[in-house]
>>> print(open('run-v6.csv').read())   # CSV, C-alpha atoms
chain,number,residue,atom,x,y,z
A,1,MET,CA,68.2,127.8,121.7
A,2,TYR,CA,64.5,127.0,121.3
A,3,ILE,CA,62.4,127.3,124.5
A,4,THR,CA,58.6,126.8,124.8
A,5,ILE,CA,56.4,127.2,127.8
A,6,THR,CA,53.1,125.2,127.5
A,7,PRO,CA,50.2,125.1,130.0
A,8,GLN,CA,48.7,121.7,131.0
A,9,LYS,CA,46.1,120.5,128.6
A,10,LEU,CA,42.7,120.7,130.1
A,11,GLY,CA,39.2,119.7,129.1
A,12,SER,CA,36.9,116.7,129.1
A,13,THR,CA,39.4,114.5,127.3
A,14,PHE,CA,42.4,115.3,129.5
A,15,SER,CA,43.2,114.3,133.1
A,16,GLN,CA,43.6,116.8,135.9
A,17,SER,CA,46.7,114.8,137.0
A,18,ALA,CA,50.3,115.2,135.8
A,19,ALA,CA,50.4,111.4,135.4
A,20,ASP,CA,49.9,111.3,131.6
A,21,TYR,CA,52.6,113.9,130.9
A,22,VAL,CA,55.1,112.2,133.3
A,23,GLU,CA,54.4,108.8,131.6
A,24,TYR,CA,55.2,110.5,128.2
A,25,LEU,CA,58.5,111.7,129.6
A,26,GLU,CA,59.4,108.1,130.6
A,27,LYS,CA,59.2,106.8,127.1
A,28,GLU,CA,62.9,106.9,126.4
A,29,ASN,CA,63.6,104.7,129.5
A,30,GLN,CA,61.7,101.8,128.0
A,31,ASN,CA,63.9,98.7,127.3
A,32,LEU,CA,66.9,100.4,128.9
A,33,GLU,CA,69.1,99.1,131.7
A,34,ILE,CA,68.8,101.0,135.0
A,35,GLU,CA,72.3,102.5,134.6
A,36,GLU,CA,71.4,103.8,131.1
A,37,MET,CA,68.2,105.5,132.2
A,38,GLU,CA,67.7,109.3,132.6
A,39,HIS,CA,65.9,110.1,135.9
A,40,PHE,CA,63.9,113.1,137.1
A,41,PHE,CA,65.8,115.7,139.1
A,42,ASN,CA,65.2,119.1,140.6
A,43,GLN,CA,67.3,121.9,142.1
A,44,SER,CA,68.7,119.7,144.8
A,45,GLY,CA,67.5,116.2,144.1
A,46,GLU,CA,68.7,113.4,141.9
A,47,LYS,CA,67.2,110.2,140.6
A,48,LEU,CA,63.6,111.1,141.5
A,49,SER,CA,61.0,108.6,140.6
A,50,ALA,CA,58.1,109.2,138.2
A,51,HIS,CA,55.7,108.3,141.0
A,52,GLU,CA,57.2,111.0,143.3
A,53,VAL,CA,56.9,113.6,140.5
A,54,VAL,CA,53.2,112.9,139.9
A,55,ARG,CA,52.5,112.8,143.7
A,56,GLU,CA,54.2,116.1,144.4
A,57,ILE,CA,52.8,118.0,141.4
A,58,ASP,CA,49.2,116.7,141.9
A,59,ALA,CA,49.3,117.6,145.6
A,60,ASN,CA,50.5,121.1,145.0
A,61,THR,CA,47.2,122.5,143.6
A,62,SER,CA,45.6,124.3,146.5
A,63,LYS,CA,42.6,126.5,145.5
A,64,LEU,CA,43.2,126.0,141.8
A,65,LYS,CA,40.0,125.6,139.7
A,66,LYS,CA,39.5,122.8,137.3
A,67,VAL,CA,39.8,125.2,134.3
A,68,GLU,CA,43.2,126.4,135.6
A,69,PRO,CA,46.5,124.7,134.6
A,70,LYS,CA,48.0,122.8,137.5
A,71,PHE,CA,51.4,122.8,135.9
A,72,TYR,CA,53.4,124.1,132.9
A,73,SER,CA,55.8,122.2,130.7
A,74,ILE,CA,59.0,123.9,129.6
A,75,THR,CA,61.0,122.4,126.8
A,76,VAL,CA,64.5,123.6,126.2
A,77,SER,CA,66.2,122.5,122.9
A,78,PRO,CA,69.8,123.6,122.3
A,79,SER,CA,70.9,123.8,118.7
A,80,GLN,CA,73.5,121.5,117.2
A,81,TYR,CA,76.0,124.3,117.5
A,82,GLU,CA,75.2,124.8,121.2
A,83,LEU,CA,75.3,121.0,121.9
A,84,ARG,CA,78.8,120.9,120.5
A,85,ARG,CA,80.0,123.1,123.3
A,86,LEU,CA,79.0,120.5,125.9
A,87,GLN,CA,81.4,117.9,127.3
A,88,ASN,CA,78.8,115.6,128.8
A,89,HIS,CA,75.3,116.2,127.6
A,90,SER,CA,73.5,114.7,130.6
A,91,LEU,CA,75.6,116.4,133.3
A,92,ASP,CA,76.0,119.7,131.5
A,93,LEU,CA,72.3,120.0,130.7
A,94,LYS,CA,71.4,119.3,134.3
A,95,THR,CA,73.7,122.1,135.4
A,96,TYR,CA,72.1,124.4,132.8
A,97,THR,CA,68.6,123.4,133.9
A,98,ARG,CA,69.4,124.5,137.5
A,99,GLU,CA,70.7,127.8,136.2
A,100,ILE,CA,67.7,128.6,133.9
A,101,MET,CA,65.3,127.8,136.7
A,102,LYS,CA,67.0,130.6,138.7
A,103,ASP,CA,66.3,132.7,135.6
A,104,TYR,CA,62.7,131.5,135.5
A,105,ALA,CA,62.2,132.5,139.1
A,106,ALA,CA,63.8,135.9,138.6
A,107,SER,CA,61.4,136.6,135.7
A,108,PHE,CA,58.4,136.8,137.9
A,109,ASN,CA,57.3,140.3,139.0
A,110,ARG,CA,56.2,138.9,142.3
A,111,GLU,CA,57.2,138.8,145.9
A,112,ILE,CA,56.4,136.2,148.5
A,113,ASN,CA,56.4,137.3,152.1
A,114,GLY,CA,58.1,140.5,151.1
A,115,LYS,CA,60.9,138.8,149.3
A,116,ALA,CA,61.6,138.5,145.6
A,117,ILE,CA,60.8,135.0,144.2
A,118,SER,CA,63.8,132.7,144.1
A,119,VAL,CA,64.3,129.2,142.7
A,120,GLN,CA,63.7,127.9,146.2
A,121,ASP,CA,60.1,128.9,145.8
A,122,ILE,CA,59.7,127.0,142.5
A,123,LYS,CA,58.5,123.4,142.6
A,124,TYR,CA,59.7,121.7,139.5
A,125,TYR,CA,61.1,118.4,138.1
A,126,ALA,CA,63.2,118.0,135.0
A,127,LYS,CA,64.4,115.2,132.7
A,128,ILE,CA,67.0,115.0,130.0
A,129,GLU,CA,66.1,113.3,126.7
A,130,HIS,CA,68.5,112.3,123.9
A,131,GLN,CA,66.2,111.4,121.1
A,132,ARG,CA,63.8,113.3,118.8
A,133,THR,CA,61.5,112.1,116.0
A,134,PHE,CA,60.5,113.9,112.8
A,135,LYS,CA,57.2,115.7,113.0
A,136,GLY,CA,54.7,116.2,110.2
A,137,THR,CA,55.6,119.9,110.3
A,138,ASP,CA,59.3,119.3,109.6
A,139,VAL,CA,60.4,120.4,106.2
A,140,GLN,CA,61.9,117.0,105.4
A,141,VAL,CA,58.5,115.3,106.0
A,142,ARG,CA,56.6,117.9,104.2
A,143,GLU,CA,58.7,117.8,101.1
A,144,ASN,CA,58.7,114.0,101.1
A,145,GLN,CA,54.9,113.9,101.4
A,146,PRO,CA,54.1,113.9,97.6
A,147,TYR,CA,56.2,110.8,97.3
A,148,ALA,CA,54.5,109.2,100.4
A,149,THR,CA,51.1,109.9,98.9
A,150,ARG,CA,52.1,108.2,95.6
A,151,ILE,CA,53.6,105.2,97.4
A,152,LEU,CA,50.5,104.8,99.5
A,153,LYS,CA,48.4,104.8,96.3
A,154,CYS,CA,50.6,102.1,94.7
A,155,LYS,CA,50.3,100.0,97.9
A,156,ASP,CA,46.5,100.4,97.9
A,157,GLU,CA,46.4,99.3,94.2
A,158,ILE,CA,48.5,96.2,95.0
A,159,GLN,CA,46.1,95.2,97.7
A,160,LYS,CA,43.1,95.6,95.4
A,161,ILE,CA,44.8,93.5,92.7
A,162,LYS,CA,45.5,90.8,95.2
A,163,ARG,CA,41.9,90.8,96.4
A,164,GLY,CA,40.7,90.6,92.7
A,165,GLU,CA,39.0,93.9,92.8
A,166,ILE,CA,41.0,95.4,89.9
A,167,SER,CA,43.4,94.1,87.3
A,168,GLY,CA,47.0,95.2,87.2
A,169,ASP,CA,50.7,94.4,87.3
A,170,VAL,CA,51.9,94.0,90.9
A,171,SER,CA,55.6,93.7,89.9
A,172,LYS,CA,55.4,97.0,88.1
A,173,LEU,CA,53.8,98.7,91.0
A,174,GLU,CA,56.4,97.3,93.4
A,175,LYS,CA,59.2,98.7,91.1
A,176,MET,CA,57.4,102.0,91.1
A,177,ILE,CA,57.3,102.0,94.9
A,178,ALA,CA,61.1,101.2,95.1
A,179,ARG,CA,61.8,104.1,92.6
A,180,LEU,CA,59.7,106.6,94.6
A,181,GLU,CA,61.4,105.6,97.8
A,182,LYS,CA,64.8,106.4,96.3
A,183,GLU,CA,63.7,109.6,94.6
A,184,ALA,CA,62.3,111.2,97.8
A,185,PRO,CA,64.5,114.3,98.4
A,186,HIS,CA,65.1,113.7,102.1
A,187,GLN,CA,66.8,110.4,103.1
A,188,LEU,CA,68.3,109.1,106.3
A,189,ASN,CA,70.6,106.1,106.3
A,190,GLY,CA,69.3,105.2,102.8
A,191,GLN,CA,65.6,105.5,103.8
A,192,ARG,CA,62.9,108.0,103.0
A,193,ILE,CA,62.4,110.3,106.0
A,194,THR,CA,58.9,109.8,107.4
A,195,GLN,CA,57.0,111.2,110.4
A,196,GLY,CA,58.0,109.4,113.6
A,197,MET,CA,61.5,108.4,112.4
A,198,LEU,CA,64.3,109.1,114.8
A,199,LYS,CA,66.5,112.1,113.9
A,200,ALA,CA,70.2,111.6,113.5
A,201,GLY,CA,72.9,113.4,115.4
A,202,ASN,CA,72.9,115.0,118.8
A,203,GLN,CA,69.2,115.5,119.9
A,204,SER,CA,69.7,116.1,123.6
A,205,HIS,CA,67.1,118.4,125.1
A,206,ILE,CA,65.4,119.2,128.5
A,207,HIS,CA,61.8,118.7,129.6
A,208,ILE,CA,60.7,120.6,132.8
A,209,ILE,CA,57.4,120.2,134.6
A,210,VAL,CA,56.8,123.1,136.9
A,211,SER,CA,54.0,123.5,139.4
A,212,ARG,CA,51.6,126.4,139.0
A,213,LYS,CA,51.8,126.9,142.8
A,214,ASP,CA,54.9,127.8,144.7
A,215,MET,CA,56.8,125.4,147.0
A,216,SER,CA,54.5,126.3,150.0
A,217,ASN,CA,51.4,125.6,147.9
A,218,SER,CA,50.2,129.1,148.8
A,219,PHE,CA,50.9,131.4,145.9
A,220,SER,CA,50.0,131.0,142.2
A,221,LEU,CA,53.0,131.5,139.8
A,222,SER,CA,51.8,131.5,136.3
A,223,PRO,CA,54.3,131.9,133.4
A,224,GLY,CA,51.3,132.4,131.2
A,225,SER,CA,50.4,135.7,132.8
A,226,LYS,CA,50.0,138.5,130.3
A,227,TYR,CA,50.9,141.1,132.9
A,228,LYS,CA,54.7,141.6,132.5
A,229,SER,CA,55.2,144.1,135.2
A,230,SER,CA,52.3,145.7,137.1
A,231,GLU,CA,50.5,145.9,140.4
A,232,VAL,CA,47.0,145.0,141.5
A,233,GLU,CA,45.1,145.7,144.7
A,234,PHE,CA,44.4,142.6,146.7
A,235,ASN,CA,42.9,142.6,150.1
A,236,GLY,CA,43.6,146.3,150.4
A,237,LYS,CA,47.3,146.0,149.5
A,238,LEU,CA,49.2,146.5,146.2
A,239,VAL,CA,50.5,143.2,145.0
A,240,LYS,CA,53.0,142.8,142.1
A,241,ARG,CA,52.1,140.3,139.4
A,242,GLY,CA,53.2,139.0,136.0
A,243,PHE,CA,55.9,137.0,134.3
A,244,ASP,CA,58.3,138.5,131.8
A,245,ARG,CA,58.9,135.9,129.1
A,246,ASP,CA,61.3,138.2,127.1
A,247,ALA,CA,63.5,138.5,130.2
A,248,PHE,CA,63.4,134.7,130.8
A,249,PHE,CA,64.4,133.8,127.2
A,250,ASN,CA,67.2,136.4,127.2
A,251,ARG,CA,68.5,135.2,130.6
A,252,ALA,CA,68.4,131.6,129.5
A,253,GLU,CA,70.6,132.4,126.5
A,254,GLN,CA,73.0,134.4,128.6
A,255,SER,CA,73.3,131.6,131.2
A,256,PHE,CA,74.2,129.1,128.5
A,257,ASP,CA,76.8,131.5,127.0
A,258,ARG,CA,78.3,132.1,130.4
A,259,LEU,CA,78.4,128.5,131.5
A,260,PHE,CA,79.8,127.0,128.3
A,261,LYS,CA,81.7,130.1,126.9
A,262,TYR,CA,79.5,130.0,123.9
A,263,GLU,CA,79.8,132.8,121.3
A,264,ARG,CA,76.3,133.4,120.0
A,265,ASN,CA,75.7,134.5,116.4
A,266,PHE,CA,73.2,137.2,115.7
A,267,VAL,CA,70.6,134.9,114.1
A,268,GLU,CA,70.7,132.6,117.2
A,269,THR,CA,69.6,135.3,119.6
A,270,TYR,CA,66.1,135.7,120.9
A,271,GLU,CA,66.1,139.4,120.3
A,272,ALA,CA,67.0,138.9,116.6
A,273,ARG,CA,64.3,136.4,116.0
A,274,LYS,CA,61.8,138.7,117.8
A,275,GLN,CA,63.1,141.6,115.7
A,276,PHE,CA,62.5,139.6,112.5
A,277,ILE,CA,58.8,139.2,113.3
A,278,LYS,CA,58.4,142.8,114.5
A,279,ASP,CA,60.4,144.6,111.8
A,280,PRO,CA,62.0,142.4,109.1
A,281,LYS,CA,63.7,145.4,107.5
A,282,ILE,CA,65.7,146.2,110.6
A,283,TYR,CA,66.5,142.4,110.9
A,284,PHE,CA,67.9,142.3,107.4
A,285,SER,CA,69.8,145.6,107.9
A,286,VAL,CA,71.6,144.2,110.9
A,287,LEU,CA,72.1,140.7,109.3
A,288,LEU,CA,73.7,142.2,106.1
A,289,GLY,CA,75.9,144.6,108.2
A,290,LEU,CA,77.6,141.8,110.1
A,291,PRO,CA,81.3,141.2,109.7
A,292,ALA,CA,82.0,138.9,106.7
A,293,ASN,CA,82.8,135.8,108.9
A,294,GLU,CA,79.8,136.3,111.2
A,295,LYS,CA,77.5,136.9,108.2
A,296,ALA,CA,78.7,133.7,106.5
A,297,ILE,CA,78.0,131.7,109.7
A,298,ALA,CA,74.5,133.4,110.0
A,299,PHE,CA,73.5,132.4,106.5
A,300,LYS,CA,74.8,128.9,107.0
A,301,MET,CA,72.7,128.5,110.1
A,302,LEU,CA,69.6,129.8,108.3
A,303,ARG,CA,70.1,127.3,105.5
A,304,GLU,CA,70.6,124.4,107.9
A,305,ARG,CA,67.2,125.3,109.5
A,306,GLY,CA,65.5,124.9,106.2
A,307,VAL,CA,65.2,128.6,105.4
A,308,PRO,CA,65.2,128.9,101.6
A,309,MET,CA,68.0,131.0,100.1
A,310,ILE,CA,68.6,132.1,96.5
A,311,PRO,CA,71.7,130.5,94.9
A,312,ALA,CA,73.5,133.7,94.0
A,313,ILE,CA,73.6,136.5,96.5
A,314,PRO,CA,73.6,139.9,94.7
A,315,VAL,CA,76.4,142.3,95.7
A,316,ASN,CA,74.0,145.2,96.1
A,317,LYS,CA,72.4,145.1,99.6
A,318,ALA,CA,69.2,146.8,98.6
A,319,GLN,CA,68.9,144.3,95.7
A,320,LEU,CA,69.5,141.4,98.0
A,321,ALA,CA,66.9,142.6,100.6
A,322,LEU,CA,64.3,143.1,97.8
A,323,LYS,CA,64.9,139.8,96.1
A,324,ILE,CA,65.0,137.5,99.1
A,325,PHE,CA,62.7,139.2,101.5
A,326,ASN,CA,59.4,137.5,100.8
A,327,LYS,CA,61.0,134.1,100.2
A,328,LEU,CA,63.1,134.3,103.3
A,329,LYS,CA,60.2,135.5,105.4
A,330,ARG,CA,58.0,132.6,104.3
A,331,GLY,CA,60.9,130.2,105.1
A,332,ILE,CA,61.5,131.5,108.6
A,333,ASP,CA,57.8,131.7,109.3
A,334,THR,CA,57.6,128.0,108.4
A,335,ALA,CA,60.6,127.1,110.4
A,336,ILE,CA,59.2,128.9,113.5
A,337,SER,CA,55.9,127.1,113.2
A,338,SER,CA,57.6,123.7,112.9
A,339,GLY,CA,59.7,124.3,115.9
A,340,SER,CA,63.0,124.8,114.1
A,341,ILE,CA,63.5,128.3,115.4
A,342,GLY,CA,62.5,129.4,118.9
A,343,VAL,CA,60.7,132.6,119.6
>>> encode(input="run-v6.csv", output="structure tokens")
Amino acid sequence: MYITITPQKLGSTFSQSAADYVEYLEKENQNLEIEEMEHFFNQSGEKLSAHEVVREIDANTSKLKKVEPKFYSITVSPSQYELRRLQNHSLDLKTYTREIMKDYAASFNREINGKAISVQDIKYYAKIEHQRTFKGTDVQVRENQPYATRILKCKDEIQKIKRGEISGDVSKLEKMIARLEKEAPHQLNGQRITQGMLKAGNQSHIHIIVSRKDMSNSFSLSPGSKYKSSEVEFNGKLVKRGFDRDAFFNRAEQSFDRLFKYERNFVETYEARKQFIKDPKIYFSVLLGLPANEKAIAFKMLRERGVPMIPAIPVNKAQLALKIFNKLKRGIDTAISSGSIGV
């Protein structure tokens, strides 16, 4: 499970409105029949229009300054393993969204009118998407880049030859381009993988736009708060504040496992990925101590995420940790930065 929480982009080049982001989330509905479209929904509503989402989010900004985010975007991306547990991606992910928004509310260390925050206090709208495109940070695009650079150079030379700027053999250059296209290490349906190309397989994921203010437009609920659990004096009273991201990510995993009876491997857990960053030695100790079948699955998952592995695994655990530590760490760091692994 890969979950990100991102504040609204602000600044002179960005709008104060949610309109641009909502328009971006409508991109998959282009050229689709009405019955094929995915619509916005929330905790109790279905088939909500983009216009309604923009109107409601933009109107729920009382007393917020221009430099403060008016909304946050949450992206929830189940892995291929997790998606295989779903019977109906659209319906199941809607159910899951409504559960994790309960987890989201429960992760605030706040009270409203003397009561703990509940999902009924959260103004949000969500949308399911089923497509993803390759990004420049994906390992497939990065490793194909040297070939892309040489192909571009050949095409540039062809244009110069046709304009009479240089002399050369166009046919030879075209054959070179065809050879480079085939030699690129990462292919999809017989074509070199490039940035912007649609990814194959199940790519269903969730986009959630959640208002900074509560449902009553009276209280600010920021998941970006650095105060996990503390109190501050406000108008002579002690007021709880903060949002616990660790609690939210853990609860989101547990909700998925409970809803879909999913048996989560060690390397899939938020706590494990967090442990890798905090103390890699402990991470490897636990990883190598897993039962044989779980360990085999764990290494398979890491390989599929683009984490480099040595061909032969030494029998001695100490030797293994020493030999692959630096290489594996670089691989996981790259995977994290490219969005392959959620932290």
>>> atom_distance(input="run-v6.csv", atom1="atom CA of A:Asn265", atom2="atom CA of A:Arg98")
24.2 Å
>>> axis_aligned_box(input="run-v6.csv", around="stretch 102-121 of chain A", padding_each_side="8 Å", output="lines of an AutoDock Vina configuration file")
center_x = 61.6
center_y = 134.2
center_z = 143.8
size_x = 26.8
size_y = 28.6
size_z = 32.6
>>> closest_residue(input="run-v6.csv", among="A:Phe219, A:Phe284, A:Phe299, A:Phe41", to="A:Leu93", atoms="only C-alpha atoms")
A:Phe41
>>> residues_around(input="run-v6.csv", residues="A:Ile206", least_positions_apart="2", cutoff="12 Å", atoms="all atoms listed in the file", output="PyMOL selection string")
chain A and resi 1-4+25+38-41+73-78+89-98+100-101+125-132+203-204+208-209
>>> closest_residue(input="run-v6.csv", among="A:Gln120, A:Asn217, A:Asn293, A:Ser79", to="A:Ser62", atoms="all atoms listed in the file")
A:Asn217
>>> atom_distance(input="run-v6.csv", atom1="atom CA of A:Lys155", atom2="atom CA of A:Gln191")
17.3 Å
>>> atom_distance(input="run-v6.csv", atom1="atom CA of A:Phe256", atom2="atom CA of A:Gly201")
20.5 Å
>>> closest_residue(input="run-v6.csv", among="A:Gly289, A:Gly164, A:Gly114, A:Pro69", to="A:Ser17", atoms="only C-alpha atoms")
A:Pro69
>>> closest_atom_pairs(input="run-v6.csv", of="stretch 168-269 of chain A", to="stretch 138-150 of chain A", cutoff="8 Å", atoms="only C-alpha atoms", output="CSV")
residue,atom,partner,partner_atom,distance
A:Leu180,CA,A:Tyr147,CA,6.1
A:Glu181,CA,A:Tyr147,CA,7.4
A:Ala184,CA,A:Asn144,CA,5.6
A:Pro185,CA,A:Asn144,CA,6.4
A:His186,CA,A:Gln140,CA,5.7
A:Arg192,CA,A:Asn144,CA,7.6
A:Ile193,CA,A:Val141,CA,6.3
A:Thr194,CA,A:Val141,CA,5.7
A:Gln195,CA,A:Val141,CA,6.2
>>> build_atoms(input="run-v6.csv", residues="stretch 241-270 of chain A", atoms="N, CA and C atoms", output="PDB file, keeping the file's coordinate frame")
ATOM      1  N   ARG A 241      52.529 141.531 140.121  1.00  0.00           N
ATOM      2  CA  ARG A 241      52.100 140.300 139.400  1.00  0.00           C
ATOM      3  C   ARG A 241      52.804 140.294 138.036  1.00  0.00           C
ATOM      4  N   GLY A 242      52.708 139.140 137.376  1.00  0.00           N
ATOM      5  CA  GLY A 242      53.200 139.000 136.000  1.00  0.00           C
ATOM      6  C   GLY A 242      54.475 138.208 135.865  1.00  0.00           C
ATOM      7  N   PHE A 243      54.705 137.754 134.632  1.00  0.00           N
ATOM      8  CA  PHE A 243      55.900 137.000 134.300  1.00  0.00           C
ATOM      9  C   PHE A 243      56.430 137.571 132.976  1.00  0.00           C
ATOM     10  N   ASP A 244      57.704 137.900 132.929  1.00  0.00           N
ATOM     11  CA  ASP A 244      58.300 138.500 131.800  1.00  0.00           C
ATOM     12  C   ASP A 244      59.021 137.439 130.935  1.00  0.00           C
ATOM     13  N   ARG A 245      58.337 136.959 129.889  1.00  0.00           N
ATOM     14  CA  ARG A 245      58.900 135.900 129.100  1.00  0.00           C
ATOM     15  C   ARG A 245      60.160 136.394 128.310  1.00  0.00           C
ATOM     16  N   ASP A 246      60.114 137.639 127.840  1.00  0.00           N
ATOM     17  CA  ASP A 246      61.300 138.200 127.100  1.00  0.00           C
ATOM     18  C   ASP A 246      62.516 138.101 128.036  1.00  0.00           C
ATOM     19  N   ALA A 247      62.349 138.504 129.284  1.00  0.00           N
ATOM     20  CA  ALA A 247      63.500 138.500 130.200  1.00  0.00           C
ATOM     21  C   ALA A 247      63.963 137.050 130.440  1.00  0.00           C
ATOM     22  N   PHE A 248      63.019 136.104 130.553  1.00  0.00           N
ATOM     23  CA  PHE A 248      63.400 134.700 130.800  1.00  0.00           C
ATOM     24  C   PHE A 248      64.195 134.150 129.609  1.00  0.00           C
ATOM     25  N   PHE A 249      63.695 134.365 128.376  1.00  0.00           N
ATOM     26  CA  PHE A 249      64.400 133.800 127.200  1.00  0.00           C
ATOM     27  C   PHE A 249      65.776 134.446 127.055  1.00  0.00           C
ATOM     28  N   ASN A 250      65.882 135.744 127.299  1.00  0.00           N
ATOM     29  CA  ASN A 250      67.200 136.400 127.200  1.00  0.00           C
ATOM     30  C   ASN A 250      68.147 135.887 128.288  1.00  0.00           C
ATOM     31  N   ARG A 251      67.636 135.751 129.506  1.00  0.00           N
ATOM     32  CA  ARG A 251      68.500 135.200 130.600  1.00  0.00           C
ATOM     33  C   ARG A 251      68.936 133.820 130.326  1.00  0.00           C
ATOM     34  N   ALA A 252      68.050 133.000 129.771  1.00  0.00           N
ATOM     35  CA  ALA A 252      68.400 131.600 129.500  1.00  0.00           C
ATOM     36  C   ALA A 252      69.539 131.524 128.477  1.00  0.00           C
ATOM     37  N   GLU A 253      69.514 132.379 127.460  1.00  0.00           N
ATOM     38  CA  GLU A 253      70.600 132.400 126.500  1.00  0.00           C
ATOM     39  C   GLU A 253      71.907 132.854 127.166  1.00  0.00           C
ATOM     40  N   GLN A 254      71.807 133.910 127.959  1.00  0.00           N
ATOM     41  CA  GLN A 254      73.000 134.400 128.600  1.00  0.00           C
ATOM     42  C   GLN A 254      73.609 133.416 129.582  1.00  0.00           C
ATOM     43  N   SER A 255      72.754 132.651 130.258  1.00  0.00           N
ATOM     44  CA  SER A 255      73.300 131.600 131.200  1.00  0.00           C
ATOM     45  C   SER A 255      74.015 130.552 130.429  1.00  0.00           C
ATOM     46  N   PHE A 256      73.488 130.136 129.269  1.00  0.00           N
ATOM     47  CA  PHE A 256      74.200 129.100 128.500  1.00  0.00           C
ATOM     48  C   PHE A 256      75.537 129.654 128.013  1.00  0.00           C
ATOM     49  N   ASP A 257      75.543 130.872 127.489  1.00  0.00           N
ATOM     50  CA  ASP A 257      76.800 131.500 127.000  1.00  0.00           C
ATOM     51  C   ASP A 257      77.828 131.589 128.082  1.00  0.00           C
ATOM     52  N   ARG A 258      77.382 131.964 129.278  1.00  0.00           N
ATOM     53  CA  ARG A 258      78.300 132.100 130.400  1.00  0.00           C
ATOM     54  C   ARG A 258      78.850 130.791 130.884  1.00  0.00           C
ATOM     55  N   LEU A 259      77.960 129.801 131.006  1.00  0.00           N
ATOM     56  CA  LEU A 259      78.400 128.500 131.500  1.00  0.00           C
ATOM     57  C   LEU A 259      79.346 127.783 130.596  1.00  0.00           C
ATOM     58  N   PHE A 260      79.061 127.869 129.298  1.00  0.00           N
ATOM     59  CA  PHE A 260      79.800 127.000 128.300  1.00  0.00           C
ATOM     60  C   PHE A 260      80.689 127.867 127.402  1.00  0.00           C
ATOM     61  N   LYS A 261      80.855 129.191 127.732  1.00  0.00           N
ATOM     62  CA  LYS A 261      81.700 130.100 126.900  1.00  0.00           C
ATOM     63  C   LYS A 261      81.361 129.997 125.454  1.00  0.00           C
ATOM     64  N   TYR A 262      80.068 130.155 125.209  1.00  0.00           N
ATOM     65  CA  TYR A 262      79.500 130.000 123.900  1.00  0.00           C
ATOM     66  C   TYR A 262      79.433 131.421 123.214  1.00  0.00           C
ATOM     67  N   GLU A 263      79.942 131.572 121.988  1.00  0.00           N
ATOM     68  CA  GLU A 263      79.800 132.800 121.300  1.00  0.00           C
ATOM     69  C   GLU A 263      78.639 132.768 120.324  1.00  0.00           C
ATOM     70  N   ARG A 264      77.579 133.450 120.706  1.00  0.00           N
ATOM     71  CA  ARG A 264      76.300 133.400 120.000  1.00  0.00           C
ATOM     72  C   ARG A 264      76.257 134.267 118.782  1.00  0.00           C
ATOM     73  N   ASN A 265      75.880 133.692 117.651  1.00  0.00           N
ATOM     74  CA  ASN A 265      75.700 134.500 116.400  1.00  0.00           C
ATOM     75  C   ASN A 265      74.435 135.280 116.471  1.00  0.00           C
ATOM     76  N   PHE A 266      74.384 136.343 115.703  1.00  0.00           N
ATOM     77  CA  PHE A 266      73.200 137.200 115.700  1.00  0.00           C
ATOM     78  C   PHE A 266      71.917 136.459 115.442  1.00  0.00           C
ATOM     79  N   VAL A 267      71.883 135.559 114.450  1.00  0.00           N
ATOM     80  CA  VAL A 267      70.600 134.900 114.100  1.00  0.00           C
ATOM     81  C   VAL A 267      70.194 133.884 115.177  1.00  0.00           C
ATOM     82  N   GLU A 268      71.065 133.562 116.128  1.00  0.00           N
ATOM     83  CA  GLU A 268      70.700 132.600 117.200  1.00  0.00           C
ATOM     84  C   GLU A 268      70.050 133.327 118.384  1.00  0.00           C
ATOM     85  N   THR A 269      70.096 134.637 118.418  1.00  0.00           N
ATOM     86  CA  THR A 269      69.600 135.300 119.600  1.00  0.00           C
ATOM     87  C   THR A 269      68.079 135.481 119.564  1.00  0.00           C
ATOM     88  N   TYR A 270      67.513 135.462 120.738  1.00  0.00           N
ATOM     89  CA  TYR A 270      66.100 135.700 120.900  1.00  0.00           C
ATOM     90  C   TYR A 270      65.661 137.030 120.373  1.00  0.00           C
TER      91      TYR A 270
END
